[in-house]
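Visitor: Before I ask anything, let me first share the structure, which is written out below as structure tokens.
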Amino acid sequence: MRRNAKTFALGAAALTLASLGVVFASPSDVSQPGVAEASSAAHGASADWATWQKDQAGSRYNAAEWKINPRNASTLKLKWAYTFANLPYTRVGSQPAVADGVLYVGAPDAKFVALDAKSGATKWTFDLTTVTGTSEQLAVNGVRDGATVAGDKVYFGDSTGRVFALYKRTGHLAWVTQADDHPLANLTSSPTVYNGKVYIGVSTSEGGAPRDPSYPCCTHRGAVVAMDADNGRVDWRFYTVPKPVETGTWASGAKKYEPSGASVWATPVIDPRTDTVFVGTGNNATGKTDMSDSMIALDARSGKLRWKQQVSFPDTYTGACEMTEVPNDACPGKGTFALDKDIGAAANLITVGGRTIVVVGQKDGRLHAFDARTGKIVWQTPLVPTSPDAVGIQWGTAYDGKWIYAATWHSGPGKLFAVDPATGKVRWQVEHPANGCTTGGAAEFADMCELSFTPAVSATPGLIYEGSSDGKIRIYSSANGALLWEFDAIRDFAGVNGLPGRGSGISGNGGAVIVDGILYVQAGYYPFYPTDKGTVLLAFSL
């Protein structure tokens, strides 16, 4: 998954800090897709939003939130802003987790903070560089995934491929595990905690490396990793492609490896009734495999593959496909099958008519429904026109028990949809507001602005929350898509932490979080509107 979406890097061997009482788990290499062992306890529904997808079924719907409702949503006002360090060209996408009155969020400068959810006041800060040391990768997008709060810990991943567990009350380090030892591994997937295990997908920044023709492309492979929630020891690891092997050289003379890629960008969802983990995969970087651009189902206890369903093939793509000066073979099949059409969105688990289905969006604009037991395709609905440049559903959808809500990105313009989960029929749709790039702060940078919905969709009873590249967060009626409220974030803010801030595009990695009458949203994503200030996390209340 590339297009203005996901970059990171680095990685190193795990170590032990006995003096801190910290366990560091190190991955062992497994050369074939698949692997070994068990699990133990899920969390139930609550008013909190303690994990990226809100619940293990991936609903992104807070059914307990009634303070903000269709009658009063139009009266929301800014409550506070928190400013991140000013690092140019970083995407601040770490979706906040909110539990028991505390907000947990990662920052691009390799900090992770706990804030008072009502006031934004800092409770504690953890500096990742005390573990990782400094690196070029930690200077950009240090923590880009969203946190998960479970038990006495908060879990998150970073741009070096490490998973951290901190004690949520103090911010002290409980453990850290290198989820993948490839030097360009990173984590955009957020952790899912279930039955005593932490599940997370592994992605990469290697897709951008082939812009340098001398880079030996490519050796990273996507993975899903399960680790013990108490101590971080790796329980099993499932690789989406076999271990890449050297197959010759590129025109530049650089070594060529294949197959590679099929990263896991999305946050896994879990069906506790069947102990199944569901997640999508990305495109291949080299070679062609039957696991790229696929939905996969894994046994939560063993990591063994239960089924896979590939929805695009072939799709071999790297950043070299966006360049003309590189050797032709650096982008195999350019113009024919270099699609960049990953499944990077998190799925929804939905029971309809007595049947459990897995619904997920794809970057080609299709919304897919699979039978959760067999992987058979139940229905497919295209939400954007077929076009090489169309980018459809990027990060995730919401489900409120009635409709699935999906938003599209580069689809001229983006649109918001309500879809019937039983049939895949579109029940209503609304276009991105046409004045998004001519009003507010984006109007000054109309050449950069896009009428595109970038974040995952979020929902509460009667309401849909979605942000945009135009820097505006909007609330829509779930009944008919009517626009009820909008706020322009491309403006200056005084951060409660004492730093001047300025908003940008609304968060891509995650989406809105709504808890106890407060709406939280990141305003620091692509495009990079010019500023000399740090981007901001915003909180709104009635």
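Starting from 1 in every chain, residues are counted up; chains themselves are A, B, ... following the order of the structure tokens, and ligands are numbered from 1 as listed.
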Excluding A:Ala121 and any residue of its chain fewer than 6 positions from it, enumerate the residues within 12 Å of it, using only C-alpha atoms, and give them as a list in words.

Guide: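 Counting only C-alpha atoms, the residues come to Trp80, Ala81, Tyr82, Thr83, Gly101, Val102, Leu103, Tyr104, Val113, Ala114, Leu115, Gly495, Val496, Asn497 and Gly498 of chain A.
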
Visitor: Would you write out those residues with C-alpha atoms, as a PDB file, in the first residue's frame?

Guide:
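New file again28.pdb:
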ATOM      1  CA  TRP A  80      -8.725  21.633  23.616  1.00  0.00           C
ATOM      2  CA  ALA A  81      -5.824  21.032  21.237  1.00  0.00           C
ATOM      3  CA  TYR A  82      -2.622  19.118  21.884  1.00  0.00           C
ATOM      4  CA  THR A  83       0.384  19.979  19.696  1.00  0.00           C
ATOM      5  CA  GLY A 101     -10.876   8.976  31.456  1.00  0.00           C
ATOM      6  CA  VAL A 102      -7.357   8.741  29.987  1.00  0.00           C
ATOM      7  CA  LEU A 103      -6.343   9.224  26.340  1.00  0.00           C
ATOM      8  CA  TYR A 104      -3.291   7.381  24.970  1.00  0.00           C
ATOM      9  CA  VAL A 113       1.785  10.141  25.907  1.00  0.00           C
ATOM     10  CA  ALA A 114      -1.124   9.693  28.278  1.00  0.00           C
ATOM     11  CA  LEU A 115      -3.439  12.699  28.534  1.00  0.00           C
ATOM     12  CA  GLY A 495      -1.717  23.572  22.453  1.00  0.00           C
ATOM     13  CA  VAL A 496      -2.569  22.731  26.049  1.00  0.00           C
ATOM     14  CA  ASN A 497       1.019  21.456  26.275  1.00  0.00           C
ATOM     15  CA  GLY A 498       2.363  24.955  25.565  1.00  0.00           C
TER      16      GLY A 498
END

Visitor: Calculate how many Å separate atom CA of A:Asp400 from atom CA of A:Asn348, rounding to one decimal.

Guide: 10.4 Å

Visitor: Any chance you could list, as a short mmCIF file (atom, residue, chain, number, x, y, z; two decimals) with C-alpha atoms, in the first residue's frame, the residues in stretch 476-541 of chain A that come up strand (DSSP E) when DSSP is run on the backbone?

Guide:
data_model
loop_
_atom_site.label_atom_id
_atom_site.label_comp_id
_atom_site.auth_asym_id
_atom_site.auth_seq_id
_atom_site.Cartn_x
_atom_site.Cartn_y
_atom_site.Cartn_z
CA TYR A 476 -23.25 13.25 8.83
CA SER A 477 -26.65 11.78 9.58
CA LEU A 483 -24.23 17.06 6.61
CA LEU A 484 -24.81 18.18 10.22
CA TRP A 485 -21.52 19.79 11.29
CA GLU A 486 -18.03 20.58 10.06
CA PHE A 487 -14.89 22.12 11.50
CA ASP A 488 -11.90 23.46 9.56
CA ASP A 492 -3.49 27.95 14.28
CA PHE A 493 -4.05 26.45 17.73
CA ALA A 494 -2.54 27.03 21.15
CA PRO A 500 1.86 26.42 18.98
CA GLY A 501 0.10 24.14 16.52
CA ARG A 502 -1.60 24.12 13.15
CA VAL A 513 -12.89 8.55 18.38
CA ILE A 514 -16.04 9.47 20.31
CA VAL A 515 -16.27 8.90 24.06
CA ILE A 518 -16.12 14.28 23.37
CA LEU A 519 -14.98 13.85 19.76
CA TYR A 520 -11.24 13.33 19.28
CA VAL A 521 -9.50 13.56 15.91
CA GLN A 522 -5.96 13.89 14.57
CA ALA A 523 -5.34 16.81 12.20
CA VAL A 536 -2.52 18.78 16.43
CA LEU A 537 -4.85 16.37 18.17
CA LEU A 538 -8.22 18.08 18.63
CA ALA A 539 -11.00 17.46 21.16
CA PHE A 540 -14.57 18.78 20.70
CA SER A 541 -17.48 18.80 23.13
#

Visitor: Could you give me, as a list in words, the residues within 10 Å of A:Gly253, counting only C-alpha atoms and dropping anything in the same chain fewer than 2 positions from it?

Guide: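 The contact residues come out as Pro213, Ser214, Tyr215, Pro216, Gly248, Thr249, Trp250, Ala251, Lys255 and Lys256 of chain A.
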
Visitor: For A:Asn509, which residue among A:Ala266, A:Val311, A:Leu349, A:Ile475 is the nearest when counting only C-alpha atoms?

Guide: A:Ala266

Visitor: Considering only C-alpha atoms, return as a short mmCIF file (atom, residue, chain, number, x, y, z; two decimals) with C-alpha atoms, in the first residue's frame whatever protein or nucleic-acid residues lie within 6 Å of stretch 432-441 of chain A, sequence-local ones (same chain, fewer than 2 positions apart) excluded.

Guide:
data_model
loop_
_atom_site.label_atom_id
_atom_site.label_comp_id
_atom_site.auth_asym_id
_atom_site.auth_seq_id
_atom_site.Cartn_x
_atom_site.Cartn_y
_atom_site.Cartn_z
CA GLY A 414 -14.62 11.10 -2.58
CA LYS A 415 -18.00 9.85 -1.46
CA ALA A 443 -8.37 27.62 0.05
CA ALA A 446 -6.06 24.88 -3.52
CA CYS A 449 -6.07 20.23 -1.70
CA ASP A 470 -9.22 19.39 2.89
CA ILE A 490 -6.26 24.27 8.89
#

Visitor: Mind pulling up the distance from atom CA of A:Ile350 to atom CA of A:Thr397?

Guide: 12.1 Å
